Structure formats: structure tokens, C-alpha cells
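Following: one structure in C-alpha cells, then a few remarks.
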Amino acid sequence: MASEDDSQDSQKDNNEGEQPANDAAGDRVIAQSITGEMKDAYIDYAMSVITARALPDVRDGLKPVHRRILYAMKKMGLTSGAKFRKSAAVVGEVLGKYHPHGDKAVYDSLVNMAQTFSSRYPLAIGQGNFGSIDGDPAAAMRYTEAKMSPVAESLLSDINKDTVDFRDNYDGTTTEPEVLPAAVPGLLLNGTLGIAVGMATKIPPHNLREIADAVVHLIDNDDATVGDLMEHVKGPDFPTGAMVFGEEDIKSAYTDGRGGVVMRG
């Protein structure tokens, strides 16, 4: 028969064998100052908002939701020469495959892309009530229809020829482009407005012909100055039309990113 001392020794051995598990749990506790942790968490959150929602990519000038709308429309065959499809169908395609957020955010973005008074070069062609310059809202998505504009098609040209990288969508069931090939400089043509965490941007739209002339000049003269380029790009070109004043303010905006535009309608 085992003695009482043997039982106690056995129990002691078992307890000692369980000790490493407790040590392992303790090793997962990381000593960190609250100020350092808040700083790192804030930066991570800010970068997530900047790259995933609020600010456009300079390569194609699009925010993720706009890029996903255009790619979904291409996959649906909604080119500029195709028949219109219900906006609700486009929104459903975007939500189901690429952008798992609210349908209102997607539809509002689609409406903005089709409004001729909001975009210098609309990326979508709308049929139905897409709102007015006076602030009247667009009709519900079940009533309106949309397809891509020719400018949007130029942003997607050659996307099937390994021109850009693709990544998995949010649930890994398909892929989406990280950026569009963009045969035209979308960021300069339509401008953008974005407010992120600790960062914001506001770029006005410009005229395609003027931008093209400036690009050709820069290719031929890689040492061209802002003043040289402004011989071709006189200033912003807004979709509603206006007289623009204040050349020095415009030059300041082009030079250091800070400036203003005085307009008279």
C-alpha cells in the first residue's frame, strides 16, 4: 500500500508540473505605459481610416468605395455602351462582394459619381432623379439606374492585363484591385474632399486638356517649375463654371499645398 507520504509527494509533483502553464500565462502580460499604448493605437486607427475609407489613392484618385463601385460595374458589364441597370443591383453587388458597410454610403457615393454638378468628369451615367444642385436628394436606389461613363472606362482600361495588383476581398471569396490602372489622372481631373483622423485633403478639379498639356510639357522638361506648368494649367476648372480670381493664392496652393480660390459665378 502506498504510504501517506508517497501520496503527498505525488500531489506535490503534480502541482509542480502545472506551474509552467501559469508562468506561460503570465508571460503574455506585457508591461506598457498607457501613453505609449494610446499613441500606437491612435496611429494604427488613423492609418486604417486614411487607407481604407477617407482619403483617395493618388494613383487613381479614388477612395475605396468609388473604386469598388467601378470595379463591380465593370464585372456586371455596365460599360458606357451597355443598357442601364437598377442602382439597387449595383449597390447589392458592391455590398455583397467588396464593401461590407451600409447601403446608404454606397448609394450616396454612386449618386455623387453621376451628378454633373458635383464631378467635373462624372464617372457614372445616371438615369432618373439623381438630385439637383439646389440640394434636392436623389430618388431611392430602386427607382434610379446607372452605368459607367467613358472616363470611368479609361480608369479601368487594361485591368485584365496584369497592370495592377489584386487582393482578397473581405471574406476571401473573390479578389479586388488594390488600385485601378487609370489611364487619366483622376485625382487632378475630379479633385477630392476627404477628412480622416488627424489629416484632411481638399483638391479642386481641373480641365483634362490643360492637365494633358502640362504632363507633356513636364515629360519634355523634367526641370519645369510650378510657374512653367501654370502656363498650361491656369487654375481649377469647376463643373458648375465660374470666374476664378487670385493667381497668387492659386500658385501658393500648387506650390506648398495651402491656398485658396476666389470664385464669382
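Simple scheme: letters A, B, ... for chains in C-alpha cells order, numbers from 1 for residues in each chain, numbers from 1 for ligands in the order shown.
Using only C-alpha atoms, the contacts of Gly172 of chain A at a cut-off of 12 Å, with sequence neighbours closer than 4 positions omitted, comprise A:Gly96, A:Lys97, A:Tyr98, A:Phe166, A:Arg167, A:Asp168, A:Glu176.
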Atom CA of Ile219 of chain A to atom CA of Tyr254 of chain A, distance in Å rounded to a single decimal: 18.3 Å
Excluding segment 49-65 of chain A and its own-chain neighbours fewer than 4 positions away, which residues fall within 6 Å of it when counting only C-alpha atoms? Please give them as a compact mmCIF listing (two decimals) with N, CA and C atoms, in the first residue's frame.
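That gives us selection_18.txt:
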```
# COMPACT_ATOMS: atom_id res chain seq x y z
N LEU A 180 -6.75 51.13 -59.49
CA LEU A 180 -7.10 50.98 -60.90
C LEU A 180 -5.96 51.45 -61.79
N ALA A 182 -5.90 53.40 -64.36
CA ALA A 182 -6.04 54.86 -64.50
C ALA A 182 -5.21 55.43 -65.64
N GLY A 186 -6.99 60.82 -62.47
CA GLY A 186 -8.28 61.07 -61.86
C GLY A 186 -8.25 62.03 -60.69
N LEU A 187 -7.18 62.01 -59.91
CA LEU A 187 -7.11 62.88 -58.74
C LEU A 187 -7.12 64.35 -59.14
N GLY A 194 -11.61 64.90 -48.54
CA GLY A 194 -11.55 63.81 -47.57
C GLY A 194 -11.14 64.30 -46.20
N ILE A 195 -11.81 63.81 -45.18
CA ILE A 195 -11.49 64.14 -43.80
C ILE A 195 -11.22 62.84 -43.06
N ALA A 196 -10.00 62.65 -42.61
CA ALA A 196 -9.62 61.43 -41.92
C ALA A 196 -9.33 61.75 -40.45
```
Based on DSSP run over this structure's backbone, return all residues of segment 8-257 of chain A in alpha helix (DSSP H), as number ranges by chain. A: 8-27, 34-49, 64-75, 87-97, 103-114, 150-156, 186-190, 208-220, 226-229, 247-256
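Shortest separation to Lys147 of chain A among A:Ala183, A:Val262, A:Val164, A:Met113 occurs at residue A:Met113, atoms counted being only C-alpha atoms.
By only C-alpha atoms, and with residues fewer than 4 positions from segment 220-227 of chain A along its chain excluded, the set lying at most 9 Å from it is Val215, Val216, Glu231, Lys251, Tyr254 and Thr255 of chain A.
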What separates atom CA of Val106 of chain A and atom CA of Arg68 of chain A is a distance of 9.4 Å
